[in-house]
file my_file.txt (compact mmCIF, C-alpha atoms)
# COMPACT_ATOMS: atom_id res chain seq x y z
CA MET A 1 153.54 57.26 -52.24
CA GLY A 2 153.99 57.99 -48.55
CA GLY A 3 156.41 55.15 -47.93
CA TYR A 4 156.56 52.93 -44.91
CA ALA A 5 156.67 54.10 -41.33
CA TYR A 6 157.18 52.16 -38.11
CA VAL A 7 155.73 53.08 -34.74
CA ALA A 8 155.73 51.19 -31.46
CA PRO A 9 153.26 52.90 -29.13
CA THR A 10 153.41 52.03 -25.43
CA THR A 11 149.81 52.66 -24.39
CA VAL A 12 146.46 51.45 -25.69
CA ALA A 13 145.24 55.06 -25.93
CA ASP A 14 148.20 56.02 -28.14
CA THR A 15 147.67 52.95 -30.31
CA VAL A 16 143.98 53.65 -30.82
CA ALA A 17 144.72 57.34 -31.52
CA LEU A 18 147.28 56.36 -34.15
CA LEU A 19 144.92 53.91 -35.81
CA SER A 20 142.03 56.41 -35.82
CA GLU A 21 144.28 59.15 -37.18
CA HIS A 22 145.28 56.90 -40.07
CA ALA A 23 141.72 55.79 -40.73
CA ASN A 24 140.47 59.38 -40.76
CA GLY A 25 143.32 60.52 -42.99
CA GLY A 26 142.78 57.66 -45.43
CA ARG A 27 146.23 56.26 -44.71
CA ARG A 28 146.89 52.61 -44.28
CA ALA A 29 147.96 51.31 -40.89
CA GLN A 30 148.81 47.71 -40.17
CA ILE A 31 149.16 45.98 -36.85
CA LEU A 32 152.38 44.06 -36.25
CA ALA A 33 152.47 41.37 -33.57
CA GLY A 34 154.80 38.45 -34.29
CA GLY A 35 155.14 39.40 -37.95
CA THR A 36 155.42 35.83 -39.21
CA ASP A 37 152.53 36.40 -41.64
CA LEU A 38 152.87 40.15 -42.11
CA LEU A 39 156.51 40.25 -43.21
CA VAL A 40 155.92 37.47 -45.73
CA GLN A 41 152.85 39.28 -47.09
CA MET A 42 154.89 42.48 -47.40
CA ARG A 43 157.39 40.67 -49.62
CA SER A 44 154.92 38.73 -51.71
CA GLY A 45 153.10 41.38 -53.66
CA ASP A 46 151.28 43.27 -50.94
CA ASN A 47 154.14 45.73 -50.75
CA VAL A 48 151.95 48.79 -50.33
CA ALA A 49 153.15 51.71 -48.23
CA ARG A 50 151.72 51.83 -44.76
CA THR A 51 152.41 52.60 -41.15
CA ILE A 52 153.38 49.48 -39.27
CA VAL A 53 152.00 49.70 -35.75
CA ASP A 54 153.95 47.35 -33.48
CA VAL A 55 151.68 46.36 -30.58
CA LYS A 56 154.28 44.31 -28.68
CA LYS A 57 155.28 47.19 -26.39
CA LEU A 58 151.86 47.32 -24.72
CA ALA A 59 151.39 45.78 -21.27
CA GLU A 60 147.91 44.60 -22.30
CA THR A 61 148.96 42.58 -25.34
CA ASN A 62 151.61 40.81 -23.23
CA ARG A 63 149.27 40.11 -20.36
CA LEU A 64 148.93 36.49 -19.25
CA VAL A 65 146.65 35.97 -16.27
CA ILE A 66 145.28 32.66 -15.06
CA GLY A 67 142.38 33.57 -12.78
CA SER A 68 139.92 31.28 -11.03
CA ASP A 69 137.13 32.35 -13.42
CA GLU A 70 138.94 33.64 -16.46
CA ILE A 71 142.19 33.21 -18.33
CA TYR A 72 143.54 36.21 -20.24
CA ILE A 73 146.01 35.67 -23.07
CA GLY A 74 147.46 38.88 -24.52
CA SER A 75 147.25 39.01 -28.30
CA ALA A 76 151.00 39.44 -28.95
CA ILE A 77 152.51 36.77 -26.68
CA ALA A 78 154.77 34.44 -28.64
CA SER A 79 153.60 30.86 -28.92
CA ALA A 80 156.89 29.54 -27.47
CA GLU A 81 156.34 31.60 -24.33
CA LEU A 82 152.80 30.30 -23.89
CA TYR A 83 153.92 26.71 -24.37
CA GLU A 84 156.49 27.07 -21.58
CA ASN A 85 153.70 27.87 -19.11
CA GLU A 86 152.92 24.51 -17.48
CA GLU A 87 149.82 25.75 -15.65
CA LEU A 88 148.30 27.06 -18.88
CA LYS A 89 149.21 23.84 -20.68
CA GLY A 90 147.47 21.85 -17.95
CA LEU A 91 144.27 23.89 -18.18
CA LEU A 92 144.06 24.39 -21.96
CA PRO A 93 146.13 21.56 -23.47
CA GLY A 94 144.26 21.58 -26.79
CA LEU A 95 144.60 25.32 -27.33
CA LEU A 96 148.32 25.20 -26.51
CA GLU A 97 148.87 22.21 -28.79
CA SER A 98 147.13 24.03 -31.62
CA SER A 99 149.52 26.97 -31.37
CA ASP A 100 152.52 24.69 -30.91
CA LEU A 101 151.65 22.97 -34.21
CA ILE A 102 152.24 26.16 -36.17
CA GLY A 103 155.60 26.42 -37.90
CA SER A 104 159.13 25.75 -36.74
CA THR A 105 160.89 26.56 -33.47
CA GLN A 106 161.92 29.86 -35.07
CA ILE A 107 158.31 30.71 -36.00
CA GLN A 108 157.18 29.72 -32.49
CA GLY A 109 159.53 32.34 -31.09
CA ARG A 110 157.48 35.10 -32.69
CA ALA A 111 154.06 33.88 -33.84
CA SER A 112 151.14 34.90 -31.62
CA MET A 113 147.67 33.47 -31.15
CA GLY A 114 146.23 36.95 -31.66
CA GLY A 115 147.93 37.21 -35.03
CA ASN A 116 146.77 33.76 -36.08
CA LEU A 117 143.20 34.78 -35.26
CA CYS A 118 143.35 38.21 -36.94
CA ASN A 119 144.84 36.75 -40.12
CA ALA A 120 141.75 34.54 -40.18
CA SER A 121 143.03 31.81 -42.44
CA PRO A 122 140.42 29.06 -42.95
CA ALA A 123 143.23 26.68 -41.91
CA GLY A 124 144.51 28.72 -38.94
CA ASP A 125 145.21 26.05 -36.34
CA THR A 126 144.47 27.99 -33.17
CA ILE A 127 141.04 29.23 -34.29
CA PRO A 128 139.06 25.97 -33.90
CA ALA A 129 140.78 25.42 -30.56
CA MET A 130 139.82 28.95 -29.43
CA MET A 131 136.20 28.41 -30.44
CA ALA A 132 136.14 25.08 -28.62
CA VAL A 133 137.18 26.69 -25.32
CA GLY A 134 134.75 29.58 -25.77
CA ALA A 135 137.36 32.31 -26.22
CA VAL A 136 136.12 35.89 -26.44
CA CYS A 137 138.07 38.68 -28.15
CA ASP A 138 138.95 41.75 -26.09
CA ILE A 139 138.99 44.54 -28.68
CA ALA A 140 140.25 48.10 -28.13
CA GLY A 141 138.85 51.02 -30.10
CA ALA A 142 138.17 54.73 -29.88
CA ASP A 143 135.14 54.18 -27.63
CA GLY A 144 136.90 51.86 -25.20
CA THR A 145 136.85 48.09 -25.38
CA ARG A 146 134.28 45.66 -26.69
CA GLU A 147 133.99 41.89 -26.60
CA LEU A 148 133.18 39.51 -29.41
CA ALA A 149 133.13 35.71 -29.45
CA VAL A 150 135.81 34.19 -31.70
CA GLU A 151 133.12 32.56 -33.87
CA ASP A 152 131.72 36.04 -34.57
CA PHE A 153 135.15 37.62 -35.04
CA VAL A 154 136.16 35.68 -38.14
CA THR A 155 134.06 36.95 -41.03
CA GLY A 156 135.63 35.38 -44.12
CA VAL A 157 138.83 34.19 -45.74
CA GLY A 158 141.46 36.49 -44.23
CA THR A 159 138.91 38.95 -42.86
CA ASN A 160 137.80 39.77 -39.34
CA ALA A 161 135.28 41.95 -37.53
CA LEU A 162 137.76 44.66 -36.53
CA VAL A 163 136.73 48.06 -37.88
CA ASP A 164 139.15 50.89 -38.66
CA GLY A 165 140.72 52.16 -35.48
CA GLU A 166 140.34 48.89 -33.58
CA PHE A 167 142.83 46.20 -32.63
CA LEU A 168 142.84 42.96 -30.67
CA LEU A 169 144.13 43.25 -27.10
CA GLY A 170 143.75 39.64 -26.09
CA LEU A 171 141.53 36.64 -25.51
CA LYS A 172 139.33 35.94 -22.52
CA ILE A 173 138.71 32.27 -21.86
CA PRO A 174 136.55 30.82 -19.08
CA THR A 175 138.89 28.93 -16.74
CA PRO A 176 138.05 25.24 -17.19
CA GLY A 177 137.04 23.30 -14.10
CA ALA A 178 138.75 20.01 -13.23
CA ASN A 179 136.23 18.04 -15.33
CA THR A 180 136.47 20.22 -18.46
CA ARG A 181 139.28 19.76 -20.96
CA ASP A 182 139.99 20.41 -24.62
CA ALA A 183 141.87 18.83 -27.51
CA TYR A 184 142.82 19.85 -31.03
CA LEU A 185 143.85 17.60 -33.89
CA ARG A 186 144.67 18.42 -37.46
CA PHE A 187 145.59 16.24 -40.39
CA ILE A 188 148.66 16.98 -42.51
CA PRO A 189 150.41 14.54 -44.85
CA ARG A 190 153.72 14.93 -43.00
CA THR A 191 154.65 15.06 -39.32
CA GLU A 192 155.64 18.70 -38.98
CA MET A 193 155.31 22.15 -40.50
CA ASP A 194 152.43 21.97 -42.91
CA ILE A 195 149.02 23.55 -43.39
CA ALA A 196 145.98 21.67 -42.13
CA VAL A 197 143.97 19.59 -44.60
CA ALA A 198 141.33 19.54 -41.89
CA GLY A 199 141.32 20.33 -38.18
CA CYS A 200 139.00 19.90 -35.21
CA GLY A 201 138.93 21.46 -31.74
CA VAL A 202 136.77 19.97 -28.99
CA SER A 203 136.07 20.87 -25.38
CA VAL A 204 133.95 18.64 -23.13
CA THR A 205 132.74 18.74 -19.55
CA VAL A 206 132.17 15.31 -18.02
CA ASP A 207 130.11 14.95 -14.84
CA GLY A 208 129.58 11.48 -13.37
CA GLY A 209 130.44 9.86 -16.67
CA ARG A 210 128.02 12.02 -18.63
CA CYS A 211 128.89 14.88 -20.94
CA THR A 212 127.19 18.02 -19.61
CA ALA A 213 128.75 20.61 -21.93
CA ALA A 214 130.65 20.49 -25.21
CA ARG A 215 131.88 22.73 -27.98
CA VAL A 216 133.18 21.51 -31.32
CA ALA A 217 134.80 23.61 -34.06
CA ILE A 218 136.24 22.58 -37.42
CA GLY A 219 138.96 24.16 -39.53
CA ALA A 220 140.15 24.10 -43.16
CA VAL A 221 136.84 22.69 -44.38
CA ALA A 222 134.93 25.93 -45.04
CA PRO A 223 135.69 29.58 -45.92
CA THR A 224 135.99 30.22 -42.18
CA VAL A 225 136.60 28.06 -39.16
CA LEU A 226 133.16 26.92 -38.01
CA LEU A 227 131.59 26.25 -34.65
CA VAL A 228 129.42 23.14 -35.04
CA PRO A 229 126.59 23.26 -32.49
CA SER A 230 125.01 20.08 -33.91
CA ALA A 231 128.19 18.14 -33.11
CA ALA A 232 128.17 19.50 -29.55
CA GLU A 233 124.50 18.50 -29.21
CA ALA A 234 125.38 14.95 -30.24
CA LEU A 235 127.84 14.79 -27.35
CA ILE A 236 125.87 16.55 -24.59
CA GLY A 237 123.85 14.11 -22.52
CA SER A 238 125.79 11.10 -23.78
CA ASN A 239 128.47 9.19 -21.94
CA LEU A 240 130.82 9.99 -24.84
CA ASP A 241 130.72 6.43 -26.11
CA ASP A 242 131.54 5.41 -29.66
CA ALA A 243 127.98 6.06 -30.87
CA ALA A 244 128.03 9.65 -29.57
CA LEU A 245 131.46 10.27 -31.10
CA GLN A 246 130.24 8.81 -34.39
CA ALA A 247 127.22 11.13 -34.38
CA ALA A 248 129.37 14.18 -33.61
CA GLY A 249 131.72 13.24 -36.44
CA GLU A 250 128.81 12.95 -38.85
CA ALA A 251 127.59 16.40 -37.76
CA CYS A 252 131.05 17.79 -38.62
CA THR A 253 130.95 16.14 -42.05
CA ALA A 254 127.51 17.66 -42.64
CA ALA A 255 128.65 21.13 -41.54
CA ALA A 256 131.79 21.09 -43.69
CA SER A 257 131.76 22.81 -47.09
CA PRO A 258 135.37 22.41 -48.19
CA ILE A 259 137.05 23.05 -51.50
CA SER A 260 139.18 20.60 -53.44
CA ASP A 261 142.78 21.73 -53.74
CA LYS A 262 146.28 20.27 -53.68
CA ARG A 263 145.88 19.39 -50.00
CA GLY A 264 142.74 17.30 -50.39
CA THR A 265 139.46 16.83 -52.16
CA VAL A 266 136.02 17.77 -50.89
CA GLU A 267 135.14 14.12 -50.22
CA TYR A 268 138.41 13.45 -48.42
CA ARG A 269 138.17 16.52 -46.19
CA LYS A 270 134.58 15.78 -45.23
CA LYS A 271 135.57 12.26 -44.22
CA VAL A 272 138.74 13.22 -42.37
CA VAL A 273 137.07 15.98 -40.35
CA ALA A 274 134.74 13.35 -38.84
CA VAL A 275 137.70 11.16 -37.88
CA LEU A 276 139.46 14.13 -36.29
CA CYS A 277 136.30 15.04 -34.37
CA ARG A 278 135.96 11.50 -32.98
CA ARG A 279 139.60 11.29 -31.97
CA ALA A 280 139.81 14.81 -30.51
CA THR A 281 136.63 14.19 -28.52
CA GLY A 282 138.15 10.98 -27.17
CA ILE A 283 141.29 12.81 -26.10
CA ALA A 284 139.31 15.66 -24.48
CA ARG A 285 137.09 13.10 -22.68
CA ASP A 286 140.11 11.20 -21.33
CA ARG A 287 141.67 14.45 -20.16
CA ALA A 288 138.45 15.60 -18.48
CA THR A 289 138.10 12.30 -16.65
CA GLY A 290 141.75 12.00 -15.68
CA GLY A 291 142.19 9.12 -18.12
CA MET B 1 160.74 57.24 -46.42
CA ALA B 2 161.92 58.39 -43.02
CA LYS B 3 164.72 56.26 -41.63
CA VAL B 4 164.33 54.73 -38.19
CA HIS B 5 167.13 55.18 -35.68
CA VAL B 6 167.73 52.01 -33.69
CA ALA B 7 169.99 51.39 -30.69
CA THR B 8 170.49 47.71 -30.00
CA THR B 9 172.96 45.17 -28.67
CA VAL B 10 174.54 42.64 -31.01
CA ASN B 11 176.62 39.89 -29.42
CA GLY B 12 176.98 42.00 -26.28
CA GLU B 13 178.16 45.14 -28.07
CA SER B 14 176.08 48.31 -28.33
CA ARG B 15 175.27 49.10 -31.95
CA GLU B 16 173.32 51.91 -33.55
CA PHE B 17 171.99 52.02 -37.06
CA LEU B 18 169.51 53.72 -39.37
CA CYS B 19 167.14 51.53 -41.34
CA ASP B 20 164.09 51.80 -43.53
CA PRO B 21 160.89 50.93 -41.64
CA ASN B 22 160.37 47.83 -43.80
CA ASP B 23 163.97 46.55 -43.64
CA SER B 24 164.28 43.20 -41.94
CA LEU B 25 166.74 42.54 -39.16
CA LEU B 26 168.49 40.28 -41.66
CA ASP B 27 168.90 43.20 -44.11
CA VAL B 28 170.33 45.30 -41.31
CA LEU B 29 172.74 42.66 -40.04
CA ARG B 30 174.11 41.84 -43.48
CA ASP B 31 173.94 45.12 -45.38
CA THR B 32 174.16 47.82 -42.72
CA LEU B 33 176.28 46.20 -40.01
CA GLY B 34 178.32 44.07 -42.41
CA MET B 35 177.72 40.91 -40.40
CA THR B 36 177.29 38.43 -43.23
CA GLY B 37 177.56 35.27 -41.14
CA THR B 38 173.77 35.17 -40.94
CA LYS B 39 172.55 33.89 -44.31
CA GLU B 40 169.49 34.58 -46.41
CA GLY B 41 167.87 31.47 -47.84
CA CYS B 42 164.17 31.95 -48.50
CA ALA B 43 163.34 35.29 -46.81
CA THR B 44 159.94 33.86 -45.88
CA GLY B 45 160.72 32.10 -42.61
CA ASP B 46 160.77 28.61 -44.11
CA CYS B 47 164.45 27.66 -44.20
CA GLY B 48 166.03 28.88 -40.96
CA ALA B 49 169.29 30.02 -42.60
CA CYS B 50 168.88 33.44 -40.96
CA SER B 51 168.31 32.06 -37.44
CA VAL B 52 169.40 34.47 -34.71
CA MET B 53 168.50 34.97 -31.06
CA VAL B 54 166.48 38.06 -30.11
CA ASP B 55 166.04 38.55 -26.36
CA GLY B 56 166.79 34.89 -25.77
CA ARG B 57 164.34 33.58 -28.37
CA LEU B 58 165.30 31.71 -31.52
CA VAL B 59 163.79 33.57 -34.49
CA CYS B 60 164.23 34.04 -38.23
CA ALA B 61 165.92 37.41 -38.78
CA CYS B 62 164.03 37.71 -42.07
CA LEU B 63 160.74 37.86 -40.13
CA VAL B 64 161.86 40.56 -37.69
CA LEU B 65 161.97 44.22 -38.67
CA GLY B 66 165.24 46.03 -38.05
CA ALA B 67 163.21 48.67 -36.23
CA GLU B 68 162.02 46.03 -33.77
CA ALA B 69 165.59 45.51 -32.57
CA GLN B 70 165.37 48.78 -30.61
CA GLY B 71 166.52 47.94 -27.06
CA ALA B 72 166.80 44.24 -27.84
CA ALA B 73 169.69 41.82 -27.32
CA VAL B 74 170.55 40.17 -30.65
CA GLU B 75 172.92 37.18 -30.85
CA THR B 76 174.33 35.99 -34.16
CA ILE B 77 176.75 33.36 -35.41
CA GLU B 78 179.58 35.88 -35.11
CA GLY B 79 179.21 35.73 -31.32
CA VAL B 80 179.33 31.94 -30.96
CA ALA B 81 183.09 31.24 -31.03
CA SER B 82 185.41 32.60 -28.35
CA GLU B 83 189.20 32.15 -28.74
CA THR B 84 188.36 28.64 -29.86
CA LEU B 85 185.44 27.32 -31.83
CA HIS B 86 182.27 26.47 -29.93
CA PRO B 87 181.91 22.68 -29.50
CA LEU B 88 179.00 22.76 -31.97
CA GLN B 89 181.21 24.40 -34.60
CA GLN B 90 184.02 21.94 -33.89
CA LYS B 91 181.71 18.93 -34.13
CA PHE B 92 180.13 20.18 -37.36
CA LEU B 93 183.65 20.17 -38.82
CA GLU B 94 184.57 16.76 -37.40
CA HIS B 95 181.36 15.11 -38.61
CA ALA B 96 181.46 16.87 -41.99
CA ALA B 97 177.97 18.16 -41.15
CA LEU B 98 178.10 20.72 -43.94
CA GLN B 99 178.80 20.91 -47.62
CA CYS B 100 177.88 24.24 -49.18
CA GLY B 101 177.60 25.84 -45.72
CA ILE B 102 174.75 28.26 -46.34
CA CYS B 103 172.49 26.59 -43.77
CA THR B 104 175.27 26.03 -41.23
CA PRO B 105 175.16 29.31 -39.25
CA GLY B 106 171.41 28.86 -38.82
CA PHE B 107 171.85 25.25 -37.69
CA ILE B 108 174.55 26.24 -35.19
CA ILE B 109 172.42 29.04 -33.70
CA ALA B 110 169.32 26.84 -33.53
CA ALA B 111 171.22 23.86 -32.07
CA LYS B 112 172.90 26.12 -29.51
CA ALA B 113 169.48 27.46 -28.47
CA LEU B 114 168.36 23.86 -27.92
CA LEU B 115 171.44 22.77 -25.95
CA ASP B 116 171.32 25.92 -23.80
CA LYS B 117 167.78 24.96 -22.83
CA ASN B 118 168.06 21.18 -22.87
CA PRO B 119 171.65 19.91 -22.52
CA ASP B 120 170.71 16.26 -23.14
CA PRO B 121 168.09 16.08 -25.91
CA ASP B 122 167.21 12.77 -27.54
CA GLU B 123 167.39 12.37 -31.31
CA THR B 124 163.67 12.95 -31.84
CA THR B 125 163.82 16.19 -29.87
CA ILE B 126 166.80 17.38 -31.91
CA ARG B 127 165.10 16.52 -35.20
CA TYR B 128 161.87 18.32 -34.27
CA TRP B 129 163.72 21.33 -32.86
CA LEU B 130 165.73 21.66 -36.07
CA ALA B 131 162.75 21.00 -38.38
CA GLY B 132 162.76 24.70 -39.32
CA ASN B 133 166.35 24.53 -40.60
CA LEU B 134 166.61 23.18 -44.11
CA CYS B 135 169.77 21.62 -45.56
CA ARG B 136 169.81 20.46 -49.17
CA CYS B 137 173.29 18.90 -49.03
CA THR B 138 173.84 16.62 -46.06
CA GLY B 139 170.65 14.64 -45.63
CA TYR B 140 170.64 15.79 -41.97
CA ASP B 141 172.14 12.65 -40.37
CA LYS B 142 175.58 14.16 -40.03
CA ILE B 143 174.08 17.31 -38.57
CA ILE B 144 172.13 15.34 -35.97
CA ARG B 145 175.24 13.34 -35.04
CA ALA B 146 177.28 16.53 -34.72
CA VAL B 147 174.69 18.02 -32.37
CA GLN B 148 174.58 14.83 -30.29
CA ASP B 149 178.36 14.76 -30.08
CA ALA B 150 178.50 18.46 -29.15
CA ALA B 151 175.98 17.83 -26.38
CA LYS B 152 178.26 15.11 -25.00
CA GLU B 153 181.28 17.37 -25.28
CA LEU B 154 179.49 20.21 -23.48
CA ALA B 155 178.39 17.85 -20.69
CA HIS B 156 181.85 16.28 -20.28
CA PRO B 157 184.53 18.53 -21.80
CA ALA B 158 187.44 16.44 -23.04
call {"tool": "encode", "arguments": {"input": "my_file.txt", "output": "structure tokens"}}
result
Amino acid sequence: MGGYAYVAPTTVADTVALLSEHANGGRRAQILAGGTDLLVQMRSGDNVARTIVDVKKLAETNRLVIGSDEIYIGSAIASAELYENEELKGLLPGLLESSDLIGSTQIQGRASMGGNLCNASPAGDTIPAMMAVGAVCDIAGADGTRELAVEDFVTGVGTNALVDGEFLLGLKIPTPGANTRDAYLRFIPRTEMDIAVAGCGVSVTVDGGRCTAARVAIGAVAPTVLLVPSAAEALIGSNLDDAALQAAGEACTAAASPISDKRGTVEYRKKVVAVLCRRATGIARDRATGG
Amino acid sequence: MAKVHVATTVNGESREFLCDPNDSLLDVLRDTLGMTGTKEGCATGDCGACSVMVDGRLVCACLVLGAEAQGAAVETIEGVASETLHPLQQKFLEHAALQCGICTPGFIIAAKALLDKNPDPDETTIRYWLAGNLCRCTGYDKIIRAVQDAAKELAHPA
């Protein structure tokens, strides 16, 4: 029983060295960003000794850059801080809405998108929105950094592709042009503070009334959040009319493999995810066309 | 377990303490610093009774480690009143916006964070902002009215 320890390294090199040292020594290290999941887990049974590695003191995990080609969102930035950035909200309204849906004002003050992704809940609200905008993970490890698309990062219920010694620095997102916008919708039985029964993130590019690019991802209807290429294909080439939205929704229903639980049955979730896809696509389309 | 030495600021005063690495800021405030105004309700970030400000952000003290307070500016309910009660405290009394009182410090801190940022919020904004503060006594209406009245008082002091 080694007990708990807390460290707050200030450089990526120190962080990676600490993580590698623990991995090599067979000791458990755990990354702390906003802590809104971690501290609850620590009190609910998973109270196993470990070194808590706070990554909030790193410049990289707090980095927010809106470039002409790429947007960088550091993994530890609190959701409330992101939502106060009007330029970011204008460019990625769906992604920002997805993070703003999580928890109360108090939770927003700490919870980070990076943490939501790494915790990899099937119902994590930001994950479908990240996939929809084509976010790529910037991962630091002993051999430098590597990149991995969000859809390849989430590997199962609560598991991700990080190997021992690695941690998430941030997300790289292609800066959307004026005719590309995103949307995220989830269904919950109340108006605030609940876990998604189903969710859908959509990004579309509309050129001369025609959809030239699209990405659709669905949440809470499979062991992991899923990118649904068949739904995107139903949208691309169409003018995003009701028939195209209907087809994309049906593709989402077909891709979903939900469980029945207290939040909803299999049949209900498969139906609702199609509705969310249609509505989110409509919102993204209207945003992309200035409607 | 090696204790962590933390130097922080609480309500403008420099404070130092030793804590276990897995102690929450709430544990430290209540048990180490003896500041029991901040309440523990759920200890899982659901009820908002432990609301405090850390570096200008409204957070649940139960979801912050004491060790994370190193170098931070923490504000608690103990720092809200000056010689007189803060208008929010006064209006909570006038509107009987509390019964058992366990949720009240959290509501005051959260409502103050809102009014500091948005001095004239509408009712919907207040209700959404305070959605993370649970009260099992009042039914919320009196709390909302107290916050609205405090906003008026702050805008036009009597």
call {"tool": "interface_residues", "arguments": {"input": "my_file.txt", "of": "chain B", "to": "chain A", "cutoff": "9 Å", "atoms": "all atoms listed in the file", "output": "VMD selection string"}}
result
chain B and resid 1 to 4 20 to 22 24 43 to 46 48 51 to 52 57 to 60 62 to 65 67 to 68 110 128 to 133
call {"tool": "atom_distance", "arguments": {"input": "my_file.txt", "atom1": "atom CA of B:Gly139", "atom2": "atom CA of B:Ala155"}}
result
26.3 Å
call {"tool": "residues_around", "arguments": {"input": "my_file.txt", "residues": "A:Tyr184", "least_positions_apart": "5", "cutoff": "7 Å", "atoms": "all atoms listed in the file", "output": "compact mmCIF listing (two decimals) with C-alpha atoms, keeping the file's coordinate frame"}}
result
# COMPACT_ATOMS: atom_id res chain seq x y z
CA GLY A 94 144.26 21.58 -26.79
CA LEU A 95 144.60 25.32 -27.33
CA GLU A 97 148.87 22.21 -28.79
CA SER A 98 147.13 24.03 -31.62
CA ALA A 129 140.78 25.42 -30.56
CA CYS A 200 139.00 19.90 -35.21
CA GLY A 201 138.93 21.46 -31.74
CA VAL A 202 136.77 19.97 -28.99
CA ALA A 280 139.81 14.81 -30.51
call {"tool": "atom_distance", "arguments": {"input": "my_file.txt", "atom1": "atom CA of A:Lys57", "atom2": "atom CA of A:Lys172"}}
result
19.9 Å
call {"tool": "residues_around", "arguments": {"input": "my_file.txt", "residues": "A:Arg279", "least_positions_apart": "5", "cutoff": "9 Å", "atoms": "all atoms listed in the file", "output": "PDB file with C-alpha atoms, in the frame of the given file"}}
result
ATOM      1  CA  LEU A 185     143.850  17.600 -33.890  1.00  0.00           C
ATOM      2  CA  LEU A 245     131.460  10.270 -31.100  1.00  0.00           C
ATOM      3  CA  ALA A 274     134.740  13.350 -38.840  1.00  0.00           C
ATOM      4  CA  ALA A 284     139.310  15.660 -24.480  1.00  0.00           C
TER       5      ALA A 284
END
call {"tool": "residues_around", "arguments": {"input": "my_file.txt", "residues": "A:Ser75", "least_positions_apart": "6", "cutoff": "10 Å", "atoms": "only C-alpha atoms", "output": "PyMOL selection string"}}
result
chain A and resi 33-34+55-56+60-64+112-118+137-139+167-171
call {"tool": "residues_around", "arguments": {"input": "my_file.txt", "residues": "B:Lys142", "least_positions_apart": "5", "cutoff": "10 Å", "atoms": "all atoms listed in the file", "output": "ChimeraX atom specification"}}
result
/B:91-92,94-98,147-148
call {"tool": "write_last_selection", "arguments": {"input": "my_file.txt", "atoms": "C-alpha atoms", "output": "PDB file, in the coordinates of the input"}}
result
ATOM      1  CA  LYS B  91     181.710  18.930 -34.130  1.00  0.00           C
ATOM      2  CA  PHE B  92     180.130  20.180 -37.360  1.00  0.00           C
ATOM      3  CA  GLU B  94     184.570  16.760 -37.400  1.00  0.00           C
ATOM      4  CA  HIS B  95     181.360  15.110 -38.610  1.00  0.00           C
ATOM      5  CA  ALA B  96     181.460  16.870 -41.990  1.00  0.00           C
ATOM      6  CA  ALA B  97     177.970  18.160 -41.150  1.00  0.00           C
ATOM      7  CA  LEU B  98     178.100  20.720 -43.940  1.00  0.00           C
ATOM      8  CA  VAL B 147     174.690  18.020 -32.370  1.00  0.00           C
ATOM      9  CA  GLN B 148     174.580  14.830 -30.290  1.00  0.00           C
TER      10      GLN B 148
END
call {"tool": "atom_distance", "arguments": {"input": "my_file.txt", "atom1": "atom CA of A:Arg181", "atom2": "atom CA of A:Leu101"}}
result
18.4 Å
call {"tool": "axis_aligned_box", "arguments": {"input": "my_file.txt", "around": "stretch 91-94 of chain A", "padding_each_side": "6 Å", "output": "JSON"}}
result
{"center_x": 145.1, "center_y": 23.0, "center_z": -22.5, "size_x": 14.1, "size_y": 14.8, "size_z": 20.6}
call {"tool": "residues_around", "arguments": {"input": "my_file.txt", "residues": "B:Cys137", "least_positions_apart": "2", "cutoff": "10 Å", "atoms": "all atoms listed in the file", "output": "MDAnalysis selection string"}}
result
chainID B and resid 97:103 134:135 139:140
call {"tool": "residues_near_point", "arguments": {"input": "my_file.txt", "point": "(171.5, 29.6, -40.4)", "cutoff": "7 Å", "atoms": "only C-alpha atoms", "output": "PyMOL selection string"}}
result
chain B and resi 38-39+48-51+102-109
call {"tool": "write_last_selection", "arguments": {"input": "my_file.txt", "atoms": "C-alpha atoms", "output": "JSON list (two decimals), in the coordinates of the input"}}
result
[["chain", "number", "residue", "atom", "x", "y", "z"],
["B", 38, "THR", "CA", 173.77, 35.17, -40.94],
["B", 39, "LYS", "CA", 172.55, 33.89, -44.31],
["B", 48, "GLY", "CA", 166.03, 28.88, -40.96],
["B", 49, "ALA", "CA", 169.29, 30.02, -42.60],
["B", 50, "CYS", "CA", 168.88, 33.44, -40.96],
["B", 51, "SER", "CA", 168.31, 32.06, -37.44],
["B", 102, "ILE", "CA", 174.75, 28.26, -46.34],
["B", 103, "CYS", "CA", 172.49, 26.59, -43.77],
["B", 104, "THR", "CA", 175.27, 26.03, -41.23],
["B", 105, "PRO", "CA", 175.16, 29.31, -39.25],
["B", 106, "GLY", "CA", 171.41, 28.86, -38.82],
["B", 107, "PHE", "CA", 171.85, 25.25, -37.69],
["B", 108, "ILE", "CA", 174.55, 26.24, -35.19],
["B", 109, "ILE", "CA", 172.42, 29.04, -33.70]]
call {"tool": "residues_near_point", "arguments": {"input": "my_file.txt", "point": "(130.9, 12.8, -25.7)", "cutoff": "12 Å", "atoms": "all atoms listed in the file", "output": "ChimeraX atom specification"}}
result
/A:180-182,202-207,209-216,231-249,277-286,288-289
